[in-house]
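upload.cif (mmCIF, C-alpha atoms)
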```cif
data_query
loop_
_atom_site.label_atom_id
_atom_site.label_comp_id
_atom_site.auth_asym_id
_atom_site.auth_seq_id
_atom_site.Cartn_x
_atom_site.Cartn_y
_atom_site.Cartn_z
CA MET V 449 69.23 106.87 103.18
CA ALA V 450 71.21 106.88 99.94
CA PHE V 451 74.25 109.10 99.60
CA SER V 452 75.13 108.81 95.94
CA LEU V 453 76.65 112.05 94.73
CA THR V 454 74.92 114.26 92.21
CA ALA V 455 76.48 114.88 88.82
CA GLU V 456 77.62 118.29 90.05
CA GLN V 457 79.22 116.83 93.18
CA THR V 458 80.95 114.16 91.12
CA ALA V 459 82.32 116.86 88.83
CA VAL V 460 83.61 118.76 91.87
CA ARG V 461 85.33 115.60 93.12
CA GLU V 462 86.99 115.04 89.75
CA ALA V 463 88.15 118.67 89.53
CA VAL V 464 89.66 118.62 93.03
CA ARG V 465 91.32 115.28 92.34
CA GLU V 466 92.86 116.68 89.15
CA PHE V 467 94.13 119.71 91.03
CA GLY V 468 95.46 117.46 93.76
CA GLU V 469 97.33 115.16 91.42
CA ASN V 470 98.81 117.94 89.30
CA GLU V 471 99.53 120.68 91.84
CA ILE V 472 99.45 119.30 95.40
CA GLU V 473 101.04 115.85 95.26
CA PRO V 474 104.33 117.04 93.68
CA LEU V 475 104.88 119.43 96.61
CA GLY V 476 103.82 117.10 99.44
CA THR V 477 107.18 115.66 100.45
CA GLU V 478 108.98 118.98 100.05
CA CYS V 479 106.52 120.98 102.15
CA ASP V 480 106.53 118.32 104.87
CA ARG V 481 110.31 118.12 105.00
CA GLU V 482 110.80 121.89 104.97
CA LYS V 483 107.75 122.60 107.17
CA ARG V 484 106.76 125.10 104.51
CA TYR V 485 103.38 126.73 104.05
CA PRO V 486 102.34 126.40 100.36
CA ALA V 487 101.43 130.05 99.80
CA GLU V 488 102.05 129.72 96.06
CA LEU V 489 99.02 127.42 95.67
CA MET V 490 96.40 129.62 97.29
CA GLU V 491 95.29 131.77 94.37
CA GLN V 492 95.10 128.73 92.11
CA ALA V 493 93.16 126.81 94.75
CA ALA V 494 90.76 129.75 94.94
CA GLN V 495 90.15 129.47 91.20
CA TYR V 496 88.91 125.93 91.86
CA ASP V 497 86.60 127.27 94.64
CA LEU V 498 88.56 125.34 97.26
CA ILE V 499 88.97 128.15 99.81
CA ALA V 500 85.96 128.70 102.09
CA PRO V 501 83.69 127.05 99.49
CA GLU V 502 80.63 127.42 101.72
CA VAL V 503 80.69 131.23 101.40
CA PRO V 504 77.81 132.48 99.20
CA GLU V 505 78.54 133.48 95.61
CA LYS V 506 77.72 137.15 96.35
CA TYR V 507 80.87 137.27 98.48
CA GLY V 508 83.04 135.37 96.02
CA GLY V 509 82.48 131.84 97.33
CA ALA V 510 80.95 128.79 95.68
CA GLY V 511 77.96 128.46 98.01
CA MET V 512 78.64 124.74 98.51
CA ASP V 513 76.53 122.67 100.86
CA SER V 514 78.09 120.53 103.59
CA LEU V 515 78.11 117.30 101.59
CA THR V 516 79.97 118.90 98.68
CA GLY V 517 82.31 120.54 101.17
CA VAL V 518 83.34 117.25 102.78
CA VAL V 519 83.96 115.80 99.31
CA VAL V 520 86.34 118.70 98.65
CA THR V 521 88.10 118.15 101.98
CA GLU V 522 88.42 114.42 101.40
CA GLU V 523 90.09 114.93 98.02
CA LEU V 524 92.44 117.65 99.29
CA TRP V 525 93.68 115.40 102.08
CA ARG V 526 93.87 112.42 99.74
CA ALA V 527 96.31 114.44 97.60
CA ASP V 528 98.37 115.43 100.66
CA PRO V 529 97.13 115.95 104.23
CA GLY V 530 99.53 118.78 105.08
CA ILE V 531 98.86 120.86 102.00
CA GLY V 532 95.21 119.83 102.09
CA SER V 533 95.03 121.24 105.60
CA ALA V 534 96.69 124.49 104.53
CA ILE V 535 94.23 125.03 101.68
CA GLY V 536 91.17 123.74 103.51
CA SER V 537 91.78 125.90 106.58
CA ARG V 538 92.66 129.07 104.69
CA GLY V 539 89.20 130.42 105.47
CA PHE V 540 88.99 129.12 109.05
CA GLY V 541 86.72 131.55 110.89
CA SER V 542 84.98 132.87 107.78
CA SER V 543 81.80 130.97 108.67
CA MET V 544 81.51 133.07 111.84
CA ILE V 545 81.84 136.24 109.78
CA GLN V 546 79.34 134.94 107.23
CA LYS V 547 76.63 133.99 109.72
CA TYR V 548 77.02 136.53 112.51
CA GLY V 549 79.13 139.37 111.16
CA ASP V 550 77.83 142.77 110.13
CA GLU V 551 77.50 143.43 106.42
CA TRP V 552 80.65 145.54 106.32
CA MET V 553 82.65 142.61 107.69
CA LYS V 554 81.32 140.32 104.98
CA GLU V 555 81.92 142.79 102.17
CA LYS V 556 85.42 143.68 103.34
CA TRP V 557 86.81 140.26 104.23
CA LEU V 558 84.94 137.38 102.59
CA PRO V 559 85.90 138.23 98.97
CA LYS V 560 89.55 138.58 100.02
CA ILE V 561 89.43 135.19 101.73
CA THR V 562 87.67 133.29 98.94
CA SER V 563 90.01 134.78 96.30
CA GLY V 564 93.07 133.50 98.15
CA GLU V 565 94.31 137.03 98.77
CA SER V 566 93.85 136.88 102.55
CA ALA V 567 93.83 134.14 105.17
CA CYS V 568 91.56 133.97 108.19
CA ALA V 569 92.14 132.38 111.59
CA SER V 570 89.94 131.46 114.52
CA ALA V 571 91.58 132.03 117.91
CA ILE V 572 89.76 129.85 120.45
CA SER V 573 92.08 127.40 122.27
CA GLU V 574 94.40 128.58 125.02
CA PRO V 575 97.44 127.06 126.75
CA ALA V 576 95.27 125.88 129.66
CA HIS V 577 91.97 125.45 127.83
CA GLY V 578 91.52 123.17 124.83
CA SER V 579 88.36 121.07 125.02
CA ASN V 580 86.96 123.33 127.76
CA VAL V 581 86.01 126.32 125.62
CA ALA V 582 83.94 127.80 128.45
CA GLY V 583 87.10 128.11 130.55
CA ILE V 584 88.99 130.51 128.29
CA GLU V 585 90.74 133.34 130.14
CA THR V 586 91.43 135.87 127.39
CA ASN V 587 89.39 138.89 128.45
CA ALA V 588 87.87 141.93 126.80
CA GLU V 589 87.16 145.09 128.77
CA ARG V 590 85.22 148.06 127.51
CA ASP V 591 86.94 151.39 127.00
CA SER V 592 85.65 154.70 125.64
CA ASP V 593 85.16 153.58 122.04
CA GLY V 594 85.40 149.80 122.00
CA TRP V 595 87.18 146.95 123.73
CA VAL V 596 90.68 146.11 124.95
CA LEU V 597 91.69 142.45 124.72
CA ASN V 598 94.36 140.68 126.79
CA GLY V 599 95.37 137.03 126.94
CA SER V 600 96.98 134.28 124.90
CA LYS V 601 95.88 131.64 122.42
CA MET V 602 97.49 128.33 121.52
CA TRP V 603 97.39 125.93 118.55
CA ILE V 604 95.98 128.59 116.24
CA THR V 605 95.79 127.46 112.61
CA ASN V 606 97.01 130.19 110.20
CA GLY V 607 98.35 132.13 113.18
CA THR V 608 101.34 133.62 111.33
CA VAL V 609 99.80 133.88 107.84
CA ALA V 610 96.32 135.23 108.66
CA ASP V 611 95.31 138.78 107.83
CA VAL V 612 92.31 138.70 110.16
CA MET V 613 91.26 136.63 113.18
CA VAL V 614 88.06 135.78 114.97
CA VAL V 615 89.13 136.02 118.62
CA MET V 616 87.03 134.56 121.42
CA ALA V 617 87.28 136.47 124.70
CA LYS V 618 85.48 136.81 128.02
CA THR V 619 83.44 140.03 128.17
CA ASP V 620 81.92 138.94 131.48
CA PRO V 621 84.39 136.83 133.51
CA ASN V 622 81.72 135.84 136.02
CA ALA V 623 79.18 134.50 133.54
CA GLY V 624 80.91 131.27 132.47
CA HIS V 625 80.13 130.27 128.90
CA GLU V 626 77.51 133.01 128.71
CA GLY V 627 80.22 135.64 129.09
CA ILE V 628 82.13 134.79 125.90
CA SER V 629 82.08 137.09 122.86
CA ALA V 630 83.62 136.99 119.38
CA PHE V 631 85.71 139.82 117.93
CA LEU V 632 87.04 140.46 114.45
CA VAL V 633 90.70 141.49 114.79
CA PRO V 634 93.02 142.35 111.88
CA THR V 635 96.41 140.76 112.56
CA ASP V 636 98.29 144.02 112.04
CA THR V 637 96.57 145.48 115.11
CA HIS V 638 99.05 146.79 117.67
CA GLY V 639 99.60 144.34 120.54
CA LEU V 640 98.85 141.16 118.56
CA GLN V 641 101.86 138.88 118.11
CA ALA V 642 102.12 135.40 116.61
CA GLU V 643 104.93 132.89 117.15
CA LYS V 644 105.10 129.94 114.78
CA ILE V 645 104.90 126.39 116.15
CA ASP V 646 106.96 124.23 113.79
CA ASN V 647 107.88 121.14 115.81
CA LYS V 648 104.70 119.27 114.87
CA LEU V 649 104.40 115.53 114.34
CA GLY V 650 102.35 115.91 111.16
CA ILE V 651 100.51 118.25 108.74
CA ARG V 652 103.71 120.28 108.70
CA ALA V 653 102.66 122.36 105.68
CA SER V 654 99.82 123.84 107.72
CA ASP V 655 100.63 126.99 109.69
CA LEU V 656 100.24 126.81 113.47
CA ALA V 657 101.04 129.46 116.07
CA GLU V 658 100.79 130.74 119.59
CA ILE V 659 99.14 134.17 119.82
CA VAL V 660 99.93 136.81 122.44
CA ILE V 661 97.21 139.44 122.88
CA ASP V 662 98.57 142.39 124.83
CA GLY V 663 96.33 145.44 125.12
CA VAL V 664 94.76 144.92 121.70
CA HIS V 665 92.16 147.61 121.03
CA VAL V 666 89.22 146.83 118.76
CA PRO V 667 86.38 149.24 117.99
CA GLU V 668 82.82 148.47 119.06
CA GLU V 669 81.84 147.66 115.49
CA ASN V 670 84.27 144.70 115.48
CA LEU V 671 82.13 142.74 117.92
CA ILE V 672 80.68 139.80 115.99
CA GLY V 673 77.05 139.29 116.88
CA GLU V 674 75.96 140.11 120.40
CA ALA V 675 78.12 140.40 123.50
CA GLY V 676 77.91 137.19 125.52
CA ALA V 677 76.69 135.09 122.58
CA GLY V 678 80.10 133.85 121.39
CA PHE V 679 79.87 130.37 122.92
CA TYR V 680 76.49 129.72 121.33
CA GLN V 681 77.73 131.05 118.02
CA LEU V 682 80.62 128.58 118.15
CA MET V 683 78.26 125.69 118.84
CA ASP V 684 76.63 126.31 115.46
CA PHE V 685 79.82 125.25 113.70
CA PHE V 686 81.00 122.25 115.70
CA ALA V 687 78.93 119.72 113.74
CA SER V 688 80.23 120.97 110.38
CA GLY V 689 83.77 121.23 111.77
CA ARG V 690 83.70 117.64 113.01
CA ALA V 691 82.25 116.35 109.74
CA ASN V 692 85.09 118.17 108.01
CA VAL V 693 87.71 116.50 110.23
CA ALA V 694 86.09 113.14 109.51
CA ALA V 695 86.53 113.89 105.80
CA GLN V 696 90.18 114.72 106.43
CA ALA V 697 90.61 111.31 108.06
CA VAL V 698 88.85 109.55 105.18
CA GLY V 699 91.09 111.27 102.64
CA THR V 700 94.24 110.32 104.54
CA ALA V 701 93.10 106.72 104.89
CA GLN V 702 92.32 106.52 101.17
CA ALA V 703 95.74 107.89 100.28
CA ALA V 704 97.35 105.22 102.46
CA ILE V 705 95.24 102.52 100.79
CA ASP V 706 96.09 103.77 97.30
CA ASP V 707 99.82 103.67 98.03
CA SER V 708 99.53 100.24 99.66
CA ILE V 709 97.76 98.76 96.64
CA GLN V 710 100.37 100.14 94.27
CA TYR V 711 103.25 98.90 96.41
CA ALA V 712 101.70 95.46 96.97
CA ASN V 713 101.27 94.96 93.24
CA GLU V 714 104.85 96.01 92.48
CA ARG V 715 106.74 94.39 95.36
CA GLU V 716 107.64 90.75 94.80
CA GLN V 717 108.61 88.09 97.34
CA PHE V 718 109.06 84.36 96.77
CA GLY V 719 108.49 84.81 93.06
CA GLN V 720 105.16 86.66 93.15
CA PRO V 721 103.69 90.08 94.01
CA ILE V 722 102.94 90.37 97.72
CA SER V 723 99.37 91.36 96.76
CA GLU V 724 98.80 87.67 96.03
CA PHE V 725 99.53 86.60 99.60
CA GLN V 726 96.41 86.19 101.71
CA ALA V 727 97.93 88.09 104.65
CA ILE V 728 98.25 91.20 102.47
CA GLU V 729 94.85 90.65 100.86
CA HIS V 730 93.19 90.57 104.26
CA LYS V 731 94.96 93.74 105.38
CA VAL V 732 93.88 95.65 102.30
CA ALA V 733 90.33 94.29 102.59
CA GLU V 734 90.02 95.55 106.17
CA MET V 735 91.63 98.89 105.32
CA ALA V 736 89.25 99.47 102.42
CA THR V 737 86.20 98.40 104.42
CA ASN V 738 86.99 100.75 107.29
CA ALA V 739 87.64 103.66 104.93
CA GLU V 740 84.38 103.08 103.10
CA ALA V 741 82.42 102.82 106.35
CA ALA V 742 84.00 106.07 107.55
CA ARG V 743 83.18 107.74 104.25
CA SER V 744 79.54 106.68 104.42
CA LEU V 745 79.17 107.92 108.00
CA THR V 746 80.84 111.21 107.08
CA TYR V 747 78.54 111.77 104.11
CA ARG V 748 75.53 110.95 106.24
CA ALA V 749 76.61 113.48 108.86
CA ALA V 750 77.07 116.14 106.18
CA SER V 751 73.63 115.35 104.76
CA ALA V 752 72.09 115.74 108.21
CA ILE V 753 73.72 119.17 108.50
CA ASP V 754 72.28 120.14 105.13
CA SER V 755 68.83 118.95 106.18
CA GLY V 756 68.87 121.25 109.22
CA ASN V 757 68.36 118.40 111.70
CA LEU V 758 70.69 119.74 114.41
CA ASP V 759 70.31 116.89 116.91
CA MET V 760 70.95 114.23 114.28
CA ALA V 761 73.80 116.24 112.77
CA THR V 762 75.48 116.66 116.17
CA LYS V 763 75.34 112.94 116.89
CA LEU V 764 76.39 111.78 113.43
CA ALA V 765 79.19 114.32 113.12
CA SER V 766 80.71 113.14 116.40
CA MET V 767 80.27 109.51 115.34
CA ALA V 768 81.88 110.24 111.99
CA LYS V 769 84.82 112.08 113.54
CA LEU V 770 85.39 109.36 116.14
CA PHE V 771 85.15 106.46 113.72
CA ALA V 772 87.00 108.05 110.81
CA SER V 773 89.89 109.45 112.86
CA GLU V 774 90.47 106.27 114.87
CA HIS V 775 90.42 104.13 111.73
CA ALA V 776 92.53 106.53 109.69
CA VAL V 777 95.36 106.00 112.16
CA ASP V 778 94.79 102.22 112.03
CA VAL V 779 94.72 102.21 108.22
CA ALA V 780 97.91 104.26 108.00
CA ASP V 781 99.55 101.90 110.49
CA GLU V 782 98.60 98.90 108.37
CA ALA V 783 99.86 100.71 105.27
CA ILE V 784 103.30 100.88 106.88
CA GLN V 785 103.05 97.17 107.66
CA VAL V 786 102.22 96.40 104.03
CA HIS V 787 105.31 98.35 102.97
CA GLY V 788 107.47 96.61 105.58
CA GLY V 789 110.80 98.31 106.22
CA ALA V 790 110.26 100.57 103.22
CA GLY V 791 107.23 102.08 104.97
CA TYR V 792 109.28 103.18 107.96
CA VAL V 793 111.40 105.66 106.00
CA THR V 794 110.56 108.81 104.07
CA ASP V 795 111.14 107.15 100.68
CA HIS V 796 107.43 106.31 100.75
CA ASN V 797 104.51 108.53 101.73
CA VAL V 798 102.85 106.16 104.17
CA GLU V 799 105.00 107.18 107.13
CA ARG V 800 103.81 110.73 106.52
CA TYR V 801 100.18 109.65 106.34
CA TYR V 802 100.61 107.93 109.70
CA ARG V 803 101.92 111.15 111.25
CA ASP V 804 99.33 113.31 109.51
CA ALA V 805 96.36 111.12 110.46
CA ARG V 806 97.10 111.38 114.17
CA ILE V 807 95.91 114.98 114.52
CA THR V 808 92.37 114.06 113.46
CA LYS V 809 91.90 112.28 116.79
CA ILE V 810 92.70 115.50 118.67
CA TYR V 811 91.42 118.74 117.19
CA GLU V 812 87.76 119.82 116.91
CA GLY V 813 87.27 117.79 120.09
CA THR V 814 89.30 114.72 121.06
CA SER V 815 88.01 111.18 120.59
CA GLU V 816 87.15 111.14 124.27
CA ILE V 817 85.03 114.28 123.90
CA GLN V 818 83.24 112.74 120.90
CA LYS V 819 82.37 109.69 123.01
CA ASN V 820 80.86 111.97 125.64
CA ILE V 821 78.72 113.71 123.04
CA ILE V 822 77.61 110.46 121.42
CA ALA V 823 76.74 108.90 124.76
CA ASP V 824 74.77 111.98 125.75
CA ARG V 825 72.69 111.75 122.56
CA VAL V 826 72.26 107.97 122.67
CA LEU V 827 71.49 107.64 126.40
#
```
As a first step, turn the structure in this file into structure tokens.
Amino acid sequence: MAFSLTAEQTAVREAVREFGENEIEPLGTECDREKRYPAELMEQAAQYDLIAPEVPEKYGGAGMDSLTGVVVTEELWRADPGIGSAIGSRGFGSSMIQKYGDEWMKEKWLPKITSGESACASAISEPAHGSNVAGIETNAERDSDGWVLNGSKMWITNGTVADVMVVMAKTDPNAGHEGISAFLVPTDTHGLQAEKIDNKLGIRASDLAEIVIDGVHVPEENLIGEAGAGFYQLMDFFASGRANVAAQAVGTAQAAIDDSIQYANEREQFGQPISEFQAIEHKVAEMATNAEAARSLTYRAASAIDSGNLDMATKLASMAKLFASEHAVDVADEAIQVHGGAGYVTDHNVERYYRDARITKIYEGTSEIQKNIIADRVL
């Protein structure tokens, strides 16, 4: 299968790259050093259709397909992984609202999210339950006019900046994964508290928080979809989420390659640029080959999602995430080696790319989880 981009997709890539070079790159080092969320970029990013771009046009989105979406993600992370993460995850959870939410949810929240006015979060992981979604302990009990939620969530992207959250909770504690439901919870609801996590290794411009849910009341109408269907609803988005993380890894790897090429052509040793030494040539050749292979696998996974072939999409998305994330870390490591001692300090971006790339091996399912999924499909 060929994965050449259409003229429209190429134009999207060029527009995102321009935005990245002009608006994102100049803030990358500052936001990483200060662990600062780039709120000032959100409305402008929305004008480029970079926030929740998969949302239909009727709700203010761009209606992008998965392949175009991963191109956007790749370019955002190529400009700067931390800021790219902040922009790309601004609408995290909006897909659940779009597909399973009632019309009032879509009309009220999706235009605010796509315009950059509001941020969305998806509260799934818990302190004791990361990969094991079925084991979550946050519970929801019925009361006279809705539900009361209690529990805690961990590693929640946009936790302190979100205006609304999709919260996964057990409505039937004895039903395992069939007892999980999704709720739409505005973050100003009494009993919901977020505490920022700022001691991260990488993507420091992206907001991350621990959420305490203490007697949070939500009306019946805030149940997303059917009670007990939350786990299955989540499964609908894992393939696209993993393809998106693969694109993040590809973008980070490409950024590391770009910086390595520039440095190798400028740095001289023994009377010549180090790019003329075979040892450096071989490093760059392997880095570029791995990035291109990861890109191709990522695009193929996104195309499978767009085709509606769920089994193929599930397998390819896990393959893409596994391959791209593992090699992004390797490429960033080699980029530091190309830079030598200069790559080990913050004077150059490659040390940041190394830190930023590492998260792609963990979230949306660790590399080990991806191997389980791939083996299940292959065997």
Check your understanding: Any chance you could work out the residue set of the PyMOL selection byres ((chain V and resi 708) around 8) here, as JSON, numbers by chain?
Key -> {"V": [704, 705, 706, 707, 709, 710, 711, 712, 732, 783, 786, 787]}
With C-alpha atoms retained, export the selected residues as a PDB file, in the frame of the given file.
```pdb
ATOM      1  CA  ALA V 704      97.350 105.220 102.460  1.00  0.00           C
ATOM      2  CA  ILE V 705      95.240 102.520 100.790  1.00  0.00           C
ATOM      3  CA  ASP V 706      96.090 103.770  97.300  1.00  0.00           C
ATOM      4  CA  ASP V 707      99.820 103.670  98.030  1.00  0.00           C
ATOM      5  CA  ILE V 709      97.760  98.760  96.640  1.00  0.00           C
ATOM      6  CA  GLN V 710     100.370 100.140  94.270  1.00  0.00           C
ATOM      7  CA  TYR V 711     103.250  98.900  96.410  1.00  0.00           C
ATOM      8  CA  ALA V 712     101.700  95.460  96.970  1.00  0.00           C
ATOM      9  CA  VAL V 732      93.880  95.650 102.300  1.00  0.00           C
ATOM     10  CA  ALA V 783      99.860 100.710 105.270  1.00  0.00           C
ATOM     11  CA  VAL V 786     102.220  96.400 104.030  1.00  0.00           C
ATOM     12  CA  HIS V 787     105.310  98.350 102.970  1.00  0.00           C
TER      13      HIS V 787
END
```
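Between atom CA of Gly508 of chain V and atom CA of Glu555 of chain V lies a distance of 9.7 Å.
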Practice item. Just give me the gap between atom CA of Asn587 of chain V and atom CA of Pro621 of chain V in Å, one decimal is fine. Key: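 Separating atom CA of Asn587 of chain V from atom CA of Pro621 of chain V is a distance of 7.4 Å.
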Point to revise | Test item: the PyMOL selection byres ((chain V and resi 640) around 12) resolved as a PyMOL selection string | key: chain V and resi 571+596-601+607-608+610-613+615+633-639+641-643+658-666
**Study point:** atom CA of Ala772 of chain V to atom CA of Ala741 of chain V, straight-line distance in Å
**Key:**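 The value is 8.3 Å.
For the residues V:Thr586, V:Thr808, V:Thr605, V:Ser452, ranking by smallest atom-to-atom distance to Lys618 of chain V using only C-alpha atoms places V:Thr586 first.
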Check your understanding: Expanded to explicit residues, what is the PyMOL selection byres ((chain V and resi 603) around 7) for this file, as a list in words?
Key -> Ser573, Met602, Ile604, Thr605, Leu656, Ala657 and Glu658 of chain V
Convert the current residue selection to file output with C-alpha atoms, as a compact mmCIF listing (two decimals), in the coordinates of the input.
```
# COMPACT_ATOMS: atom_id res chain seq x y z
CA SER V 573 92.08 127.40 122.27
CA MET V 602 97.49 128.33 121.52
CA ILE V 604 95.98 128.59 116.24
CA THR V 605 95.79 127.46 112.61
CA LEU V 656 100.24 126.81 113.47
CA ALA V 657 101.04 129.46 116.07
CA GLU V 658 100.79 130.74 119.59
```
Practice item. For segment 557-559 of chain V, please output as a list in words all residues within 9 Å (counting all atoms listed in the file; exclusion window: fewer than 4 positions along the same chain). Key: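 Once the adjacent positions are removed, what remains is Ala500, Val503, Lys506, Tyr507, Gly508, Gly509, Gly539, Ser542, Ile545, Gln546, Trp552, Met553, Ser563, Gly564, Glu565, Ser566, Cys568 and Val612 of chain V.
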